[in-house]
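Pasted below: model-v1.txt, compact mmCIF, C-alpha atoms.
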```
# COMPACT_ATOMS: atom_id res chain seq x y z
CA MET A 29 29.41 -15.48 6.63
CA ALA A 30 28.35 -19.13 6.52
CA LEU A 31 25.00 -20.06 5.09
CA VAL A 32 22.64 -22.21 7.11
CA SER A 33 21.95 -25.72 5.98
CA PHE A 34 19.85 -26.55 2.91
CA PHE A 35 17.28 -28.11 5.28
CA LYS A 36 16.58 -24.74 6.87
CA LEU A 37 16.41 -22.99 3.53
CA ILE A 38 13.65 -25.38 2.50
CA PHE A 39 11.47 -24.85 5.54
CA PHE A 40 12.06 -21.17 6.30
CA THR A 41 11.43 -18.52 3.68
CA ILE A 42 12.22 -14.81 3.91
CA THR A 43 10.00 -12.54 1.87
CA PHE A 44 8.52 -9.08 1.99
CA SER A 45 4.96 -8.56 0.82
CA SER A 46 5.12 -4.79 0.30
CA SER A 47 6.29 -2.94 -2.81
CA ARG A 48 9.76 -2.25 -1.36
CA VAL A 49 12.61 -3.96 -3.19
CA VAL A 50 14.84 -6.30 -1.22
CA LEU A 51 18.44 -5.33 -1.90
CA GLY A 52 20.42 -7.20 0.72
CA TYR A 53 19.75 -10.74 1.93
CA ASP A 54 21.87 -13.27 3.77
CA MET A 55 21.46 -16.15 6.18
CA TYR A 56 23.75 -17.25 8.98
CA SER A 57 23.69 -19.97 11.60
CA GLY A 58 20.42 -19.46 13.47
CA GLY A 59 19.26 -16.32 11.68
CA ALA A 60 18.95 -14.08 8.65
CA ILE A 61 19.07 -10.46 7.54
CA LEU A 62 16.77 -8.69 5.10
CA CYS A 63 17.56 -5.17 3.86
CA MET A 64 15.60 -2.73 1.70
CA GLY A 65 15.84 0.86 0.58
CA ASN A 66 19.18 2.14 -0.68
CA SER A 67 22.62 1.09 0.34
CA THR A 68 24.53 3.95 1.85
CA GLY A 69 28.19 4.69 2.24
CA GLY A 70 27.58 7.80 4.33
CA SER A 71 29.92 7.68 7.30
CA THR A 72 27.63 9.75 9.57
CA TYR A 73 24.60 7.54 9.04
CA LYS A 74 26.71 4.40 9.43
CA SER A 75 28.12 5.75 12.70
CA ASN A 76 24.58 6.40 13.93
CA VAL A 77 23.49 2.91 12.91
CA ASP A 78 26.42 1.47 14.84
CA LEU A 79 25.43 3.57 17.86
CA ILE A 80 21.79 2.49 17.87
CA LEU A 81 22.69 -1.17 17.34
CA SER A 82 25.07 -0.96 20.29
CA GLU A 83 22.34 0.64 22.40
CA LEU A 84 19.87 -2.10 21.47
CA ALA A 85 22.33 -4.81 22.48
CA SER A 86 22.95 -3.03 25.78
CA GLU A 87 19.27 -2.40 26.56
CA SER A 88 18.35 -6.03 25.85
CA SER A 89 20.22 -7.00 29.02
CA ARG A 90 17.70 -4.99 31.07
CA ALA A 91 14.01 -5.45 31.81
CA HIS A 92 11.55 -2.91 30.38
CA PRO A 93 8.23 -3.70 32.06
CA PRO A 94 5.42 -3.83 31.24
CA PHE A 95 6.48 -4.23 27.61
CA ILE A 96 8.10 -7.64 27.57
CA GLY A 97 11.00 -7.97 25.18
CA PHE A 98 10.66 -4.69 23.28
CA PHE A 99 12.72 -1.52 23.09
CA ASN A 100 13.19 1.27 20.53
CA GLY A 101 15.44 4.32 20.30
CA SER A 102 17.42 6.54 17.97
CA ALA A 103 20.89 8.00 17.47
CA GLY A 104 22.10 11.18 15.78
CA ILE A 105 20.21 14.05 14.19
CA ALA A 106 18.42 14.43 10.84
CA PRO A 107 19.09 13.86 8.01
CA ASP A 108 21.48 11.13 9.18
CA LYS A 109 19.44 10.00 12.19
CA ALA A 110 19.17 6.23 12.71
CA TYR A 111 16.22 4.55 14.43
CA GLY A 112 16.29 1.06 15.88
CA SER A 113 14.22 -1.46 17.81
CA TYR A 114 14.25 -5.05 18.95
CA LEU A 115 11.50 -7.54 19.75
CA CYS A 116 12.25 -10.67 21.77
CA ARG A 117 9.72 -13.43 22.25
CA GLY A 118 7.90 -12.62 25.46
CA ASP A 119 8.56 -15.98 27.09
CA LEU A 120 12.35 -15.62 26.88
CA SER A 121 14.52 -14.81 29.84
CA ILE A 122 16.47 -11.54 29.76
CA HIS A 123 19.62 -13.63 29.32
CA LEU A 124 18.32 -15.37 26.18
CA CYS A 125 16.89 -12.13 24.80
CA HIS A 126 20.20 -10.36 25.30
CA GLY A 127 22.13 -13.20 23.68
CA CYS A 128 19.88 -13.16 20.62
CA VAL A 129 19.84 -9.37 20.20
CA SER A 130 23.60 -9.13 20.72
CA GLU A 131 24.25 -11.69 17.98
CA VAL A 132 21.83 -10.10 15.50
CA THR A 133 23.17 -6.58 16.07
CA ARG A 134 26.71 -7.91 15.62
CA VAL A 135 25.79 -9.46 12.27
CA LEU A 136 23.95 -6.33 11.10
CA SER A 137 26.85 -4.07 12.01
CA GLN A 138 29.28 -6.23 10.04
CA ASN A 139 27.20 -6.13 6.87
CA LYS A 140 26.73 -3.41 4.30
CA ILE A 141 24.60 -0.58 5.68
CA TYR A 142 21.21 0.05 4.06
CA THR A 143 18.49 2.55 4.88
CA ASP A 144 16.15 -0.19 6.14
CA CYS A 145 17.28 -3.54 7.60
CA PHE A 146 15.74 -6.37 9.62
CA GLY A 147 17.69 -9.06 11.40
CA PHE A 148 16.12 -12.32 12.59
CA GLY A 149 17.75 -14.40 15.31
CA GLY A 150 17.35 -17.73 17.03
CA PHE A 151 19.12 -20.90 17.94
CA THR A 152 20.45 -23.20 15.24
CA ASP A 153 17.59 -25.67 15.77
CA GLN A 154 14.98 -22.88 15.79
CA PRO A 155 16.09 -20.33 13.16
CA LEU A 156 14.51 -16.85 13.09
CA ASP A 157 12.47 -17.68 16.15
CA HIS A 158 13.70 -15.67 19.12
CA CYS A 159 14.26 -12.01 18.25
CA LEU A 160 13.80 -9.41 15.54
CA VAL A 161 16.06 -6.34 15.25
CA HIS A 162 15.27 -3.41 12.97
CA TYR A 163 17.16 -0.26 12.03
CA ALA A 164 16.15 2.41 9.51
CA ASN A 165 16.41 6.07 8.64
CA TYR A 166 12.77 6.65 9.67
CA SER A 167 10.73 6.33 12.85
CA ARG A 168 8.64 3.21 12.63
CA GLY A 169 5.07 2.61 13.68
CA TYR A 170 2.60 0.14 12.23
CA MET A 171 4.01 -1.17 8.93
CA ASN A 172 1.13 -2.32 6.76
CA GLY A 173 1.59 -5.32 4.48
CA SER A 174 4.86 -6.53 5.96
CA VAL A 175 4.74 -10.32 6.31
CA MET A 176 8.44 -11.02 6.14
CA SER A 177 9.17 -14.57 7.22
CA PHE A 178 7.31 -17.82 7.44
CA GLY A 179 8.13 -21.45 8.03
CA LYS A 180 6.41 -24.78 8.45
CA ILE A 181 7.03 -26.78 11.61
CA GLY A 182 6.60 -30.53 11.68
CA GLY A 183 4.74 -32.72 9.21
CA LYS A 184 1.17 -32.83 8.05
CA ALA A 185 -1.50 -33.04 10.75
CA SER A 186 -3.10 -36.49 10.58
CA ASN A 187 -6.44 -35.23 11.88
CA TYR A 188 -6.41 -32.11 9.74
CA GLN A 189 -10.09 -31.15 9.98
CA GLN A 190 -10.24 -31.27 13.78
CA TYR A 191 -6.78 -29.70 14.08
CA ASN A 192 -7.72 -26.82 11.79
CA GLU A 193 -11.05 -26.22 13.56
CA THR A 194 -9.31 -25.88 16.91
CA LEU A 195 -6.47 -23.76 15.53
CA THR A 196 -8.88 -21.44 13.72
CA ALA A 197 -11.02 -20.87 16.80
CA THR A 198 -7.92 -20.26 18.95
CA ILE A 199 -6.26 -17.72 16.67
CA GLU A 200 -9.51 -15.91 15.83
CA GLY A 201 -10.15 -15.60 19.57
CA LEU A 202 -6.69 -14.18 20.19
CA VAL A 203 -7.08 -11.65 17.37
CA LYS A 204 -10.38 -10.42 18.83
CA GLU A 205 -8.95 -10.26 22.35
CA ALA A 206 -5.99 -8.22 21.14
CA ALA A 207 -8.26 -5.47 19.83
CA LEU A 208 -10.12 -5.38 23.15
CA GLY A 209 -6.96 -5.43 25.25
CA ASN A 210 -8.05 -8.63 26.98
CA TRP A 211 -4.69 -10.39 27.02
CA SER A 212 -3.04 -11.06 30.38
CA ASN A 213 -0.09 -9.05 29.02
CA PRO A 214 -1.09 -6.28 26.57
CA TYR A 215 1.35 -7.35 23.85
CA PHE A 216 2.06 -11.02 24.45
CA GLU A 217 -0.13 -14.07 24.98
CA THR A 218 0.00 -17.86 24.81
CA ARG A 219 -2.67 -20.54 24.61
CA VAL A 220 -2.70 -24.30 25.07
CA VAL A 221 -5.81 -25.98 23.73
CA GLN A 222 -6.88 -29.54 23.12
CA VAL A 223 -7.74 -30.51 19.56
CA ALA A 224 -11.44 -31.23 19.08
CA ARG A 225 -12.26 -34.92 19.50
CA SER A 226 -8.60 -35.72 20.18
CA LYS A 227 -6.01 -35.93 22.96
CA GLU A 228 -3.59 -33.80 20.94
CA ARG A 229 -2.77 -30.25 22.07
CA ILE A 230 -1.93 -27.10 20.13
CA TYR A 231 0.48 -24.59 21.67
CA THR A 232 0.04 -21.06 20.29
CA LEU A 233 2.07 -17.90 20.92
CA VAL A 234 1.25 -14.41 19.62
CA GLN A 235 3.05 -11.13 20.24
CA CYS A 236 3.03 -7.53 19.01
CA THR A 237 5.50 -4.69 19.33
CA SER A 238 4.39 -2.20 21.98
CA ASP A 239 4.76 0.82 19.69
CA ILE A 240 1.42 0.09 17.99
CA SER A 241 -2.17 0.30 19.24
CA MET A 242 -4.07 -2.81 20.31
CA VAL A 243 -6.32 -2.35 17.28
CA ASN A 244 -3.27 -2.45 15.01
CA CYS A 245 -1.96 -5.42 16.98
CA SER A 246 -5.19 -7.23 16.15
CA LYS A 247 -4.89 -6.13 12.52
CA CYS A 248 -1.29 -7.35 12.36
CA LEU A 249 -2.12 -10.79 13.75
CA GLY A 250 -5.10 -10.99 11.42
CA GLU A 251 -2.73 -10.44 8.51
CA LEU A 252 -0.51 -13.29 9.70
CA TYR A 253 -3.54 -15.52 10.21
CA SER A 254 -4.80 -14.84 6.68
CA PHE A 255 -1.35 -15.83 5.37
CA LEU A 256 -1.35 -19.29 7.00
CA PRO A 257 -3.32 -21.13 4.27
CA GLU A 258 -0.79 -19.93 1.69
CA CYS A 259 2.34 -20.86 3.62
CA CYS A 260 1.56 -23.64 6.02
CA ASN A 261 -1.78 -25.28 5.28
CA GLY A 262 -2.26 -28.65 6.97
CA THR A 263 0.99 -28.66 8.97
CA GLN A 264 1.32 -29.34 12.69
CA GLY A 265 3.01 -25.99 13.25
CA ALA A 266 4.10 -22.71 11.73
CA LEU A 267 6.03 -19.53 12.45
CA VAL A 268 4.98 -16.30 10.70
CA ILE A 269 6.69 -12.96 11.37
CA HIS A 270 5.56 -9.41 10.58
CA ALA A 271 7.48 -6.21 11.26
CA ASN A 272 5.09 -5.58 14.18
CA CYS A 273 3.97 -9.02 15.34
CA LEU A 274 4.62 -12.73 15.30
CA LEU A 275 2.53 -15.89 15.46
CA LYS A 276 3.75 -19.39 16.19
CA TYR A 277 1.93 -22.65 16.87
CA ASN A 278 2.91 -26.29 17.20
CA ASN A 279 1.60 -29.55 18.57
CA GLN A 280 4.67 -29.70 20.83
CA SER A 281 5.31 -27.35 23.77
CA PHE A 282 7.85 -24.67 22.86
CA PHE A 283 7.33 -21.62 25.10
CA GLY A 284 8.84 -21.02 28.48
CA ASN A 285 5.75 -21.23 30.66
CA SER A 286 3.20 -23.60 29.19
CA CYS A 287 0.58 -22.57 31.73
CA ARG A 288 0.58 -18.90 30.72
CA GLY A 289 -2.71 -17.97 29.09
CA PHE A 290 -4.01 -21.51 29.51
CA VAL A 291 -7.48 -22.06 28.06
CA LEU A 292 -9.73 -23.52 30.73
CA ILE A 293 -12.24 -24.91 28.25
CA SER A 294 -9.65 -27.48 27.17
CA TYR A 295 -10.13 -29.25 30.53
CA LEU A 296 -6.39 -29.76 30.97
CA HIS A 297 -4.38 -29.07 34.08
CA CYS A 298 -0.84 -27.71 34.39
```

Would you put the structure from the file into structure tokens?
Amino acid sequence: MALVSFFKLIFFTITFSSSRVVLGYDMYSGGAILCMGNSTGGSTYKSNVDLILSELASESSRAHPPFIGFFNGSAGIAPDKAYGSYLCRGDLSIHLCHGCVSEVTRVLSQNKIYTDCFGFGGFTDQPLDHCLVHYANYSRGYMNGSVMSFGKIGGKASNYQQYNETLTATIEGLVKEAALGNWSNPYFETRVVQVARSKERIYTLVQCTSDISMVNCSKCLGELYSFLPECCNGTQGALVIHANCLLKYNNQSFFGNSCRGFVLISYLHC
């Protein structure tokens, strides 16, 4: 399996902030895998993992409204039961979601099987950015303390104080709205805001998996937000991924429909 370029290794870091030990780690063109728990040679569990990964790839070609880009399921019976899920960015078409999930499940199935594995997928110019696939020997819910991936986007913001003020207000607002269920889609939202005292815009995307409560969605995004000063302070953009949510922002448009969740107070027009 080919490693991605050194450039991507500099700007995108895979970590896991819980006490679980990372045992398997690899990167490939446009993505990465991160595995924990114990490696297993059990043929029954491996067969169930293969089954659930195949189901995830198949289901990603279908729409599952109202939960944009999320599906979970299981295969087999205990103690060898395998659970799996995928999360695609909510602005992606079904075609792009399916392509990403299919590639990540293919890579996961070709690697050594562990009890707990995450696969990140994206395009070669946007690594880790488009989908997250997870399989494990347990049924997942909210996974506390699981910031797994982060990356800086772009250079330093020239007007850092104004940029940070606007970004802070935007993300804090989204976190509060998540807990109240005030997003236009319960588990996915975007914002476009104008930087204070500037003509520059900030494009922000947040998303949670639909298997957690809105309160835990807010908690998850708050965890990502609190991590930003450590990983990406002063940059024009960032991508931070948790097992249950993701947050991305940039001063360049990157999501499919830039008018979705548009903030009227920015006085801009789509």

Could you pull the residues within 12 Å of Ile141 of chain A, counting all atoms listed in the file, minus those fewer than 6 positions along the same chain, as a JSON list (two decimals) with C-alpha atoms, keeping the file's coordinate frame?
```json
[["chain", "number", "residue", "atom", "x", "y", "z"],
["A", 51, "LEU", "CA", 18.44, -5.33, -1.90],
["A", 52, "GLY", "CA", 20.42, -7.20, 0.72],
["A", 53, "TYR", "CA", 19.75, -10.74, 1.93],
["A", 61, "ILE", "CA", 19.07, -10.46, 7.54],
["A", 62, "LEU", "CA", 16.77, -8.69, 5.10],
["A", 63, "CYS", "CA", 17.56, -5.17, 3.86],
["A", 64, "MET", "CA", 15.60, -2.73, 1.70],
["A", 65, "GLY", "CA", 15.84, 0.86, 0.58],
["A", 66, "ASN", "CA", 19.18, 2.14, -0.68],
["A", 67, "SER", "CA", 22.62, 1.09, 0.34],
["A", 68, "THR", "CA", 24.53, 3.95, 1.85],
["A", 69, "GLY", "CA", 28.19, 4.69, 2.24],
["A", 70, "GLY", "CA", 27.58, 7.80, 4.33],
["A", 71, "SER", "CA", 29.92, 7.68, 7.30],
["A", 72, "THR", "CA", 27.63, 9.75, 9.57],
["A", 73, "TYR", "CA", 24.60, 7.54, 9.04],
["A", 74, "LYS", "CA", 26.71, 4.40, 9.43],
["A", 75, "SER", "CA", 28.12, 5.75, 12.70],
["A", 76, "ASN", "CA", 24.58, 6.40, 13.93],
["A", 77, "VAL", "CA", 23.49, 2.91, 12.91],
["A", 78, "ASP", "CA", 26.42, 1.47, 14.84],
["A", 81, "LEU", "CA", 22.69, -1.17, 17.34],
["A", 110, "ALA", "CA", 19.17, 6.23, 12.71],
["A", 135, "VAL", "CA", 25.79, -9.46, 12.27],
["A", 163, "TYR", "CA", 17.16, -0.26, 12.03],
["A", 164, "ALA", "CA", 16.15, 2.41, 9.51],
["A", 165, "ASN", "CA", 16.41, 6.07, 8.64]]
```

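Look at Glu193 of chain A: the protein and nucleic acid residues within 12 Å of it, using all atoms listed in the file and passing over chain neighbours fewer than 6 places away, are Asn187, Ile199, Glu200, Val221, Gln222, Val223, Ala224, Arg225, Ser226, Ile230 and Gly262 of chain A.
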
| said: Under the rule that only C-alpha atoms are counted, which of A:Ala271, A:Ile122, A:Ile181, A:Leu252 is the nearest residue to Glu87 of chain A? | reply: A:Ile122

| note | From the list A:Ser246, A:Asn261, A:Thr196, A:Gln189, the nearest residue to Phe216 of chain A using all atoms listed in the file is A:Ser246

| query | Taking all atoms listed in the file into account, which of A:Leu124, A:Ala197, A:Val175, A:Leu136 comes nearest Cys273 of chain A? | reply |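 Of all the options, A:Val175 lies closest to Cys273 of chain A.
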
| message | Residues within 12 Å of (22.4, -13.9, 22.0), file coordinates, counting only C-alpha atoms: what are they? Give the list as a ChimeraX atom specification. | response | /A:58-59,85-86,88-89,116,120-135,148-152,158-161

| request: Go ahead and compute the interatomic distance for atom CA of Leu195 of chain A and atom CA of Cys245 of chain A, in Å to one decimal. | output: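 Those two atoms sit 18.9 Å apart.
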
| d(atom CA of Gln264 of chain A, atom CA of Ser177 of chain A) in Å | 17.6 Å
